[in-house]
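Trainee: This structure is in C-alpha cells; I'll ask about it shortly.
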Protein chains: 2
Amino acid sequence: MAKYINDGTIELDRGVSVYSCAAAVGRMESDGPLGNCFDYAAEGAELGLTTWEKAESTFQQYAFDIALRKAKLIKEDISFIFAGDLLNQCTGSAYGLRDTDIPFFGLYGACSTMAESLALASLFADMRIGEFFAAVTSSHFCSAERQFRFPINYGGVRPPTAQWTATGAGCCITSAAEKAPFVKRITVGKITDMGIKDANNMGAAMAGAAYDTINRHLINTKTTPQDYDAIYTGDLGQVGTDLLKELFRRDGVQIENIHKDCGLMLYDREKQDVHAGGSGCGCSASVLCGHILPMIAEGKLHRVLFAATGALMSPTIVQQGESIPGISHLVEISDRQEG
Amino acid sequence: MAKYINDGTIELDRGVSVYSCAAAVGRMESDGPLGNCFDYAAEGAELGLTTWEKAESTFQQYAFDIALRKAKLIKEDISFIFAGDLLNQCTGSAYGLRDTDIPFFGLYGACSTMAESLALASLFADMRIGEFFAAVTSSHFCSAERQFRFPINYGGVRPPTAQWTATGAGCCITSAAEKAPFVKRITVGKITDMGIKDANNMGAAMAGAAYDTINRHLINTKTTPQDYDAIYTGDLGQVGTDLLKELFRRDGVQIENIHKDCGLMLYDREKQDVHAGGSGCGCSASVLCGHILPMIAEGKLHRVLFAATGALMSPTIVQQGESIPGISHLVEISDRQEG
C-alpha cells in the first residue's frame with residue numbers, strides 16, 4: 001500500500017502498472033526525431049475542425065480512445081479520469097472528455113499535468129479504488145499562442161529563449177497489474193519561484209522546480225542519478241536544461257549523461273524552427289506515452305524518473321509584473337515490480 | 001481504508017476528520033445573513049493591494065493561515081496541499097500558496113473546487129500518506145468579472161439569471177483524527193452538459209451535474225434525502241435550485257425541505273443586489289468552512305451532503321458557441337465516526 005516517505009515522496013508497493021498508453025500528435029511532432037513512435041499523427045493541426053480549441057480537445061479524445069483500444073478496454077472500464085491542460089479553465093479536458101460519463105478529477109499543473117495526473121491515477125490504482133484509471137493531458141500550439149501570447153495570425157516575432165508549444169495529447173491508463181511499466185514512486189512538486197518575469201523564458205522559470213523535485217526524490221529515496229537509466233524533464237528546453245545542470249553541478253551532482261528533456265527530444269532544432277525547444281502539456285505527455293513507456297515495456301530502459309515541468313503563470317499576472325513560479329511533479333517508472 | 005463502492009462513490013472508514021477549517025471573506029459576504037460566522041472579514045475587496053488578483057491570492061493565504069492557527073499547526077505540519085480557483089491558469093492558488101513550500105496538487109473544478117480538494121485531502125488522510133492535508137480555494141468578484149465577463153469599470157448590466165461571484169476563500173485541514181466533523185463518503189462528479197449556452201445562467205448549467213452526483217450518491221449508498229439533515233449545493237442560485245428540485249421531482253424524490261444552496265445562503269437577496277444568488281469557489285467554500293462544518297462540530301447538524309457545483313466554461317469557448325458543461329463533486333460529512 002502507498003507509503004509516505006518524506007517531504008512529498010510516496011512509495012507504491014502493491015504493484016501499479018501503466019496498463020496502456022497512447023500519444024496523438026500534430027504534423028510538426030510527427031516530422032520530428034520521434035515521429036515514428038506516436039499512435040496517431042495528424043495531417044495538420046486543425047483536424048478539420050473550426051477552432052484550435054476543438055482540435056485540442058479532439059487530440060485528447062484520440063489519445064484516450066486509442067489507449068483504451070490498445071488495452072482492449074471500453075470507457076465503462078475506467079473508474080476515474082484525471083485530466084487537465086493549459087487552456088483557460090482547462091477546457092481542453094472538459095470538452096475533450098465531456099462525453100465519457102466517467103467520474104472526473106480536473107487538474108491544473110500547467111505543463112506538469114502528465115506527471116500530476118499519472119501520479120494520482122497511480123495512487124488510486126494502488127488504493128484499488130476502482131480498477132482502471134486514466135491520466136490525460138494535451139496542448140496545442142495555436143490555442144496556446146492565442147491565449148498566452150498573440151494570435152498566430154499576428155505573426156509576432158519570438159525571442160531565442162521562447163519555446164514551441166507541442167500539438168498533441170497523451171493518455172496513460174493505470175491499473176493494479178503485473179505488467180511493465182510499473183509506477184514505483186512519486187514525488188509531488190512544490191511551487192518554486194526563481195524570480196523570472198519573462199513569459200518567453202519559461203524554461204528558466206521551471207528549472208528551479210525541476211531541480212527541487214528531482215533533488216528531493218534522490219534524497220528521499222536515497223538514490224543517485226546513476227541509479228537511473230535516464231532522468232527526463234518535461235519541457236525545460238535548452239535554456240532550462242543548461243540551468244538545471246548548473247544547479248546540480250553546484251551540489252557536485254553529475255546529471256550530464258543521464259538527463260534528457262522531452263522538449264529537446266520532440267523536435268530537431270537544426271531543421272525545425274522551435275527556438276529553445278518544445279513545451280506544453282502535450283510535449284512531455286507525447287514523449288512519455290509514445291517513447292519512454294514503450295521503451296520500458298520492451299526492456300530497453302529499466303528505471304527512469306519522469307519529472308514533468310510547469311510554469312504557473314497567466315498573461316494577466318505577468319502583465320502585473322509578477323514573477324513566474326514553476327512546479328515539477330515526478331513519477332519513477334521501472335520495468336520491474338520489485339526492487 | 002478507502003473502499004470503492006460504485007460509479008464514482010468512495011467510502012472512507014478509517015476515520016478522517018476535518019481537523020480545522022477557516023473562511024476569509026469580503027465586505028458584502030460579511031454583510032450577509034451568515035456574516036457573523038466567518039473567521040476573517042475584510043473591510044473592502046482589495047485588501048490594500050494593487051490588483052484584484054493579488055487580493056484573491058491573499059484571501060487564500062488568510063484562510064490557510066487561520067486554519068493552521070486554529071489547529072495550533074505550522075505550515076511544516078502539512079504534507080500536501082490541494083488547491084484551485086477560477087482565475088486563468090489557477091493563479092489565485094499558485095500565487096496565494098507560492099511561499100508555503102508544501103507539496104502542491106493544483107486542481108481545476110471551477111466552483112466545485114472546495115469539494116474536489118476536500119475529497120482528495122480526505123482520501124490522502126485515509127491513506128495516511130502524511131499527517132495533515134490542506135484543501136484550499138477562493139474566488140473574487142472583481143477578478144472573476146474581469147476574466148469571465150467585463151471589467152467592473154465597464155458597468156455592464158447583468159440579467160436576472162446572473163449570479164454574484166463571492167469574494168472569499170476557504171480552507172479545510174484534514175487528518176486521521178477522532179474529532180468531528182468526519183468525512184465519510186465521497187462521490188466524484190462527472191462532466192454533465194445540459195446544453196445551456198448562456199454564460200449568465202450558470203445555475204442552470206450546473207443543476208444537471210448536481211442532480212447526477214447527488215442521485216448517484218443516494219443510489220450508491222442506498223440512502224434517501226431524508227437520511228440527511230441537509231443537502232447543500234454549491235452555487236446553483238435560484239434558477240439552478242428550481243431546476244434541481246424539478247429534476248428530483250420527476251423521479252418522485254422530495255428534496256424540498258432538505259436541500260439548501262450556499263449561493264442562496266450567503267447573501268440576503270432582498271437587501272443585496274446579487275440577482276440569482278452567489279457563486280464562485282469562495283461561495284461554497286466560505287459557507288462550508290464558516291457555517292456548515294462548525295454546525296456539525298457543535299452537534300447542531302449530524303449528517304449532511306456537500307455537493308459543490310462548477311461550470312466548466314471559458315469565455316473563449318462560449319464565444320465559439322459551445323454549451324457549458326457542469327460538474328459537481330460531493331462529500332458526505334457526519335458528526336459521528338461510526339455508522
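Residues in the C-alpha cells are named by chain (A, B, ... in the order shown) and by number from 1 within that chain; ligands are numbered from 1 in the order shown.
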Could you list, with a cut-off of 9 Å and counting only C-alpha atoms, the residues of region 90-171 of chain B near region 35-53 of chain B, each shown with its nearest atom pair and the distance in Å rounded to one decimal, rows sorted by chain and ascending number, as a tab-separated table?

Mentor:
residue	atom	partner	partner_atom	distance
B:Thr91	CA	B:Glu53	CA	8.0
B:Gly92	CA	B:Glu53	CA	6.6
B:His140	CA	B:Trp52	CA	7.4
B:Phe141	CA	B:Ala45	CA	8.3
B:Cys142	CA	B:Trp52	CA	6.2
B:Ser143	CA	B:Trp52	CA	5.4
B:Thr167	CA	B:Ala45	CA	7.1
B:Gly168	CA	B:Ala41	CA	8.8

Trainee: Name the residues in contact with Asp65 (chain A) at a cut-off of 10 Å, using only C-alpha atoms, excluding same-chain residues fewer than 4 positions from it; report them as a PDB file with all heavy atoms, in the first residue's frame.

Mentor:
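out.pdb written:
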ATOM      1  N   CYS A  21      -1.046   2.993 -22.878  1.00  0.00           N
ATOM      2  CA  CYS A  21      -0.834   4.416 -23.080  1.00  0.00           C
ATOM      3  C   CYS A  21      -0.911   4.730 -24.564  1.00  0.00           C
ATOM      4  O   CYS A  21      -0.775   3.832 -25.404  1.00  0.00           O
ATOM      5  CB  CYS A  21       0.498   4.868 -22.488  1.00  0.00           C
ATOM      6  SG  CYS A  21       1.928   4.117 -23.266  1.00  0.00           S
ATOM      7  N   ALA A  22      -1.145   5.998 -24.861  1.00  0.00           N
ATOM      8  CA  ALA A  22      -1.214   6.399 -26.263  1.00  0.00           C
ATOM      9  C   ALA A  22      -0.854   7.865 -26.403  1.00  0.00           C
ATOM     10  O   ALA A  22      -1.092   8.661 -25.489  1.00  0.00           O
ATOM     11  CB  ALA A  22      -2.612   6.156 -26.828  1.00  0.00           C
ATOM     12  N   PHE A  59      -7.692  15.987 -29.948  1.00  0.00           N
ATOM     13  CA  PHE A  59      -6.443  15.245 -29.715  1.00  0.00           C
ATOM     14  C   PHE A  59      -6.536  14.462 -28.392  1.00  0.00           C
ATOM     15  O   PHE A  59      -6.077  13.327 -28.294  1.00  0.00           O
ATOM     16  CB  PHE A  59      -5.240  16.197 -29.667  1.00  0.00           C
ATOM     17  CG  PHE A  59      -4.651  16.505 -31.021  1.00  0.00           C
ATOM     18  CD1 PHE A  59      -4.825  17.747 -31.614  1.00  0.00           C
ATOM     19  CD2 PHE A  59      -3.920  15.544 -31.704  1.00  0.00           C
ATOM     20  CE1 PHE A  59      -4.280  18.040 -32.865  1.00  0.00           C
ATOM     21  CE2 PHE A  59      -3.370  15.816 -32.956  1.00  0.00           C
ATOM     22  CZ  PHE A  59      -3.555  17.065 -33.541  1.00  0.00           C
ATOM     23  N   GLN A  60      -7.144  15.091 -27.378  1.00  0.00           N
ATOM     24  CA  GLN A  60      -7.263  14.423 -26.088  1.00  0.00           C
ATOM     25  C   GLN A  60      -8.179  13.201 -26.196  1.00  0.00           C
ATOM     26  O   GLN A  60      -7.883  12.136 -25.637  1.00  0.00           O
ATOM     27  CB  GLN A  60      -7.772  15.415 -25.037  1.00  0.00           C
ATOM     28  CG  GLN A  60      -6.966  15.320 -23.763  1.00  0.00           C
ATOM     29  CD  GLN A  60      -7.390  16.288 -22.687  1.00  0.00           C
ATOM     30  OE1 GLN A  60      -8.198  15.939 -21.840  1.00  0.00           O
ATOM     31  NE2 GLN A  60      -6.845  17.476 -22.688  1.00  0.00           N
ATOM     32  N   GLN A  61      -9.278  13.379 -26.907  1.00  0.00           N
ATOM     33  CA  GLN A  61     -10.191  12.251 -27.157  1.00  0.00           C
ATOM     34  C   GLN A  61      -9.467  11.110 -27.853  1.00  0.00           C
ATOM     35  O   GLN A  61      -9.602   9.947 -27.479  1.00  0.00           O
ATOM     36  CB  GLN A  61     -11.316  12.691 -28.095  1.00  0.00           C
ATOM     37  CG  GLN A  61     -12.543  13.204 -27.432  1.00  0.00           C
ATOM     38  CD  GLN A  61     -13.506  13.799 -28.469  1.00  0.00           C
ATOM     39  OE1 GLN A  61     -13.469  13.461 -29.640  1.00  0.00           O
ATOM     40  NE2 GLN A  61     -14.344  14.704 -28.020  1.00  0.00           N
ATOM     41  N   ARG A  69      -8.355   1.334 -26.642  1.00  0.00           N
ATOM     42  CA  ARG A  69      -8.390   0.303 -27.675  1.00  0.00           C
ATOM     43  C   ARG A  69      -7.172  -0.622 -27.565  1.00  0.00           C
ATOM     44  O   ARG A  69      -7.296  -1.838 -27.672  1.00  0.00           O
ATOM     45  CB  ARG A  69      -8.430   0.969 -29.049  1.00  0.00           C
ATOM     46  CG  ARG A  69      -9.137   0.158 -30.090  1.00  0.00           C
ATOM     47  CD  ARG A  69      -9.691   1.028 -31.207  1.00  0.00           C
ATOM     48  NE  ARG A  69      -8.689   1.854 -31.837  1.00  0.00           N
ATOM     49  CZ  ARG A  69      -8.878   3.140 -32.173  1.00  0.00           C
ATOM     50  NH1 ARG A  69     -10.022   3.743 -31.900  1.00  0.00           N
ATOM     51  NH2 ARG A  69      -7.923   3.814 -32.762  1.00  0.00           N
ATOM     52  N   LYS A  70      -5.998  -0.016 -27.325  1.00  0.00           N
ATOM     53  CA  LYS A  70      -4.783  -0.825 -27.208  1.00  0.00           C
ATOM     54  C   LYS A  70      -4.890  -1.825 -26.052  1.00  0.00           C
ATOM     55  O   LYS A  70      -4.264  -2.882 -26.072  1.00  0.00           O
ATOM     56  CB  LYS A  70      -3.563   0.085 -26.992  1.00  0.00           C
ATOM     57  CG  LYS A  70      -3.103   0.784 -28.262  1.00  0.00           C
ATOM     58  CD  LYS A  70      -2.108   1.900 -27.980  1.00  0.00           C
ATOM     59  CE  LYS A  70      -0.697   1.414 -27.732  1.00  0.00           C
ATOM     60  NZ  LYS A  70       0.240   2.584 -27.607  1.00  0.00           N
ATOM     61  N   LEU A  73     -10.019  -2.264 -23.727  1.00  0.00           N
ATOM     62  CA  LEU A  73     -10.947  -1.806 -22.702  1.00  0.00           C
ATOM     63  C   LEU A  73     -12.025  -0.950 -23.365  1.00  0.00           C
ATOM     64  O   LEU A  73     -11.829  -0.442 -24.467  1.00  0.00           O
ATOM     65  CB  LEU A  73     -10.220  -0.950 -21.655  1.00  0.00           C
ATOM     66  CG  LEU A  73      -9.147  -1.634 -20.796  1.00  0.00           C
ATOM     67  CD1 LEU A  73      -8.401  -0.601 -19.960  1.00  0.00           C
ATOM     68  CD2 LEU A  73      -9.779  -2.698 -19.887  1.00  0.00           C
ATOM     69  N   ILE A  74     -13.133  -0.778 -22.654  1.00  0.00           N
ATOM     70  CA  ILE A  74     -14.132   0.208 -23.081  1.00  0.00           C
ATOM     71  C   ILE A  74     -14.196   1.286 -22.010  1.00  0.00           C
ATOM     72  O   ILE A  74     -13.697   1.089 -20.900  1.00  0.00           O
ATOM     73  CB  ILE A  74     -15.524  -0.427 -23.303  1.00  0.00           C
ATOM     74  CG1 ILE A  74     -15.969  -1.216 -22.064  1.00  0.00           C
ATOM     75  CG2 ILE A  74     -15.505  -1.333 -24.533  1.00  0.00           C
ATOM     76  CD1 ILE A  74     -17.404  -1.698 -22.126  1.00  0.00           C
ATOM     77  N   LYS A  75     -14.799   2.412 -22.328  1.00  0.00           N
ATOM     78  CA  LYS A  75     -14.735   3.528 -21.387  1.00  0.00           C
ATOM     79  C   LYS A  75     -15.401   3.199 -20.050  1.00  0.00           C
ATOM     80  O   LYS A  75     -15.020   3.712 -19.007  1.00  0.00           O
ATOM     81  CB  LYS A  75     -15.269   4.816 -22.008  1.00  0.00           C
ATOM     82  CG  LYS A  75     -16.746   4.884 -22.295  1.00  0.00           C
ATOM     83  CD  LYS A  75     -17.094   6.215 -22.975  1.00  0.00           C
ATOM     84  CE  LYS A  75     -18.585   6.332 -23.264  1.00  0.00           C
ATOM     85  NZ  LYS A  75     -19.436   6.270 -22.076  1.00  0.00           N
ATOM     86  N   CYS A 171      -2.230   9.875 -23.061  1.00  0.00           N
ATOM     87  CA  CYS A 171      -3.107   9.233 -22.085  1.00  0.00           C
ATOM     88  C   CYS A 171      -2.424   7.989 -21.542  1.00  0.00           C
ATOM     89  O   CYS A 171      -1.921   7.159 -22.305  1.00  0.00           O
ATOM     90  CB  CYS A 171      -4.433   8.844 -22.743  1.00  0.00           C
ATOM     91  SG  CYS A 171      -5.490   7.836 -21.666  1.00  0.00           S
TER      92      CYS A 171
END

Trainee: Please identify all residues of chain B having at least one atom at most 6 Å from any atom of chain A, considering only C-alpha atoms, and return them as a VMD selection string.

Mentor: chain B and resid 4 8 88 to 89 98 101 to 104 106 to 109 129 to 130 188 to 191 314

Trainee: So which residues touch Met295 (chain B) within 12 Å, counting only C-alpha atoms, skipping near sequence neighbours fewer than 4 positions away, as a PyMOL selection string?

Mentor: chain B and resi 37+180-181+229-230+287-291+299-304+333-335

Trainee: Which neighbours of region 251-255 of chain A fall inside 9 Å, counting only C-alpha atoms, when residues of the same chain fewer than 4 positions from it are skipped, and could you give them as a JSON list (two decimals) with all heavy atoms, in the first residue's frame?

Mentor:
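Result file is result.json:
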[["chain", "number", "residue", "atom", "x", "y", "z"],
["A", 224, "THR", "N", 20.96, 7.99, -6.35],
["A", 224, "THR", "CA", 21.75, 8.98, -7.08],
["A", 224, "THR", "C", 21.30, 8.96, -8.54],
["A", 224, "THR", "O", 20.66, 7.98, -8.97],
["A", 224, "THR", "CB", 23.26, 8.66, -7.02],
["A", 224, "THR", "OG1", 23.48, 7.44, -7.77],
["A", 224, "THR", "CG2", 23.74, 8.47, -5.59],
["A", 225, "PRO", "N", 21.63, 9.98, -9.31],
["A", 225, "PRO", "CA", 21.25, 9.97, -10.73],
["A", 225, "PRO", "C", 21.72, 8.70, -11.44],
["A", 225, "PRO", "O", 21.04, 8.19, -12.32],
["A", 225, "PRO", "CB", 21.96, 11.21, -11.29],
["A", 225, "PRO", "CG", 22.06, 12.14, -10.14],
["A", 225, "PRO", "CD", 22.29, 11.26, -8.94],
["A", 226, "GLN", "N", 22.87, 8.16, -10.99],
["A", 226, "GLN", "CA", 23.44, 6.98, -11.65],
["A", 226, "GLN", "C", 22.61, 5.71, -11.41],
["A", 226, "GLN", "O", 22.82, 4.69, -12.06],
["A", 226, "GLN", "CB", 24.90, 6.77, -11.22],
["A", 226, "GLN", "CG", 25.88, 7.77, -11.82],
["A", 226, "GLN", "CD", 25.64, 9.21, -11.38],
["A", 226, "GLN", "OE1", 25.33, 9.48, -10.22],
["A", 226, "GLN", "NE2", 25.75, 10.16, -12.31],
["A", 231, "ILE", "N", 16.90, 10.47, -16.53],
["A", 231, "ILE", "CA", 16.04, 11.39, -15.79],
["A", 231, "ILE", "C", 15.48, 12.35, -16.83],
["A", 231, "ILE", "O", 16.21, 13.14, -17.42],
["A", 231, "ILE", "CB", 16.83, 12.16, -14.71],
["A", 231, "ILE", "CG1", 17.38, 11.18, -13.67],
["A", 231, "ILE", "CG2", 15.94, 13.22, -14.06],
["A", 231, "ILE", "CD1", 18.26, 11.85, -12.60],
["A", 245, "LYS", "N", 21.30, 21.76, -15.13],
["A", 245, "LYS", "CA", 22.62, 21.13, -14.98],
["A", 245, "LYS", "C", 23.52, 21.96, -14.06],
["A", 245, "LYS", "O", 24.23, 21.43, -13.22],
["A", 245, "LYS", "CB", 23.28, 20.95, -16.35],
["A", 245, "LYS", "CG", 22.63, 19.83, -17.15],
["A", 245, "LYS", "CD", 23.32, 19.61, -18.49],
["A", 245, "LYS", "CE", 22.62, 18.49, -19.25],
["A", 245, "LYS", "NZ", 23.01, 18.45, -20.66],
["A", 246, "GLU", "N", 23.44, 23.27, -14.23],
["A", 246, "GLU", "CA", 24.22, 24.18, -13.40],
["A", 246, "GLU", "C", 23.83, 24.05, -11.92],
["A", 246, "GLU", "O", 24.68, 24.02, -11.04],
["A", 246, "GLU", "CB", 24.02, 25.62, -13.91],
["A", 246, "GLU", "CG", 24.70, 26.71, -13.10],
["A", 246, "GLU", "CD", 26.21, 26.54, -13.01],
["A", 246, "GLU", "OE1", 26.79, 25.94, -13.92],
["A", 246, "GLU", "OE2", 26.80, 26.97, -11.98],
["A", 247, "LEU", "N", 22.52, 23.96, -11.67],
["A", 247, "LEU", "CA", 22.05, 23.84, -10.28],
["A", 247, "LEU", "C", 22.57, 22.55, -9.65],
["A", 247, "LEU", "O", 23.01, 22.54, -8.49],
["A", 247, "LEU", "CB", 20.52, 23.89, -10.23],
["A", 247, "LEU", "CG", 19.89, 25.26, -10.51],
["A", 247, "LEU", "CD1", 18.39, 25.14, -10.77],
["A", 247, "LEU", "CD2", 20.15, 26.22, -9.36],
["A", 259, "HIS", "N", 20.49, 13.03, -17.80],
["A", 259, "HIS", "CA", 19.34, 13.92, -18.02],
["A", 259, "HIS", "C", 18.97, 14.05, -19.49],
["A", 259, "HIS", "O", 19.83, 14.21, -20.36],
["A", 259, "HIS", "CB", 19.64, 15.31, -17.45],
["A", 259, "HIS", "CG", 18.56, 16.29, -17.80],
["A", 259, "HIS", "ND1", 18.69, 17.23, -18.80],
["A", 259, "HIS", "CD2", 17.31, 16.44, -17.30],
["A", 259, "HIS", "CE1", 17.57, 17.92, -18.90],
["A", 259, "HIS", "NE2", 16.72, 17.47, -18.01]]
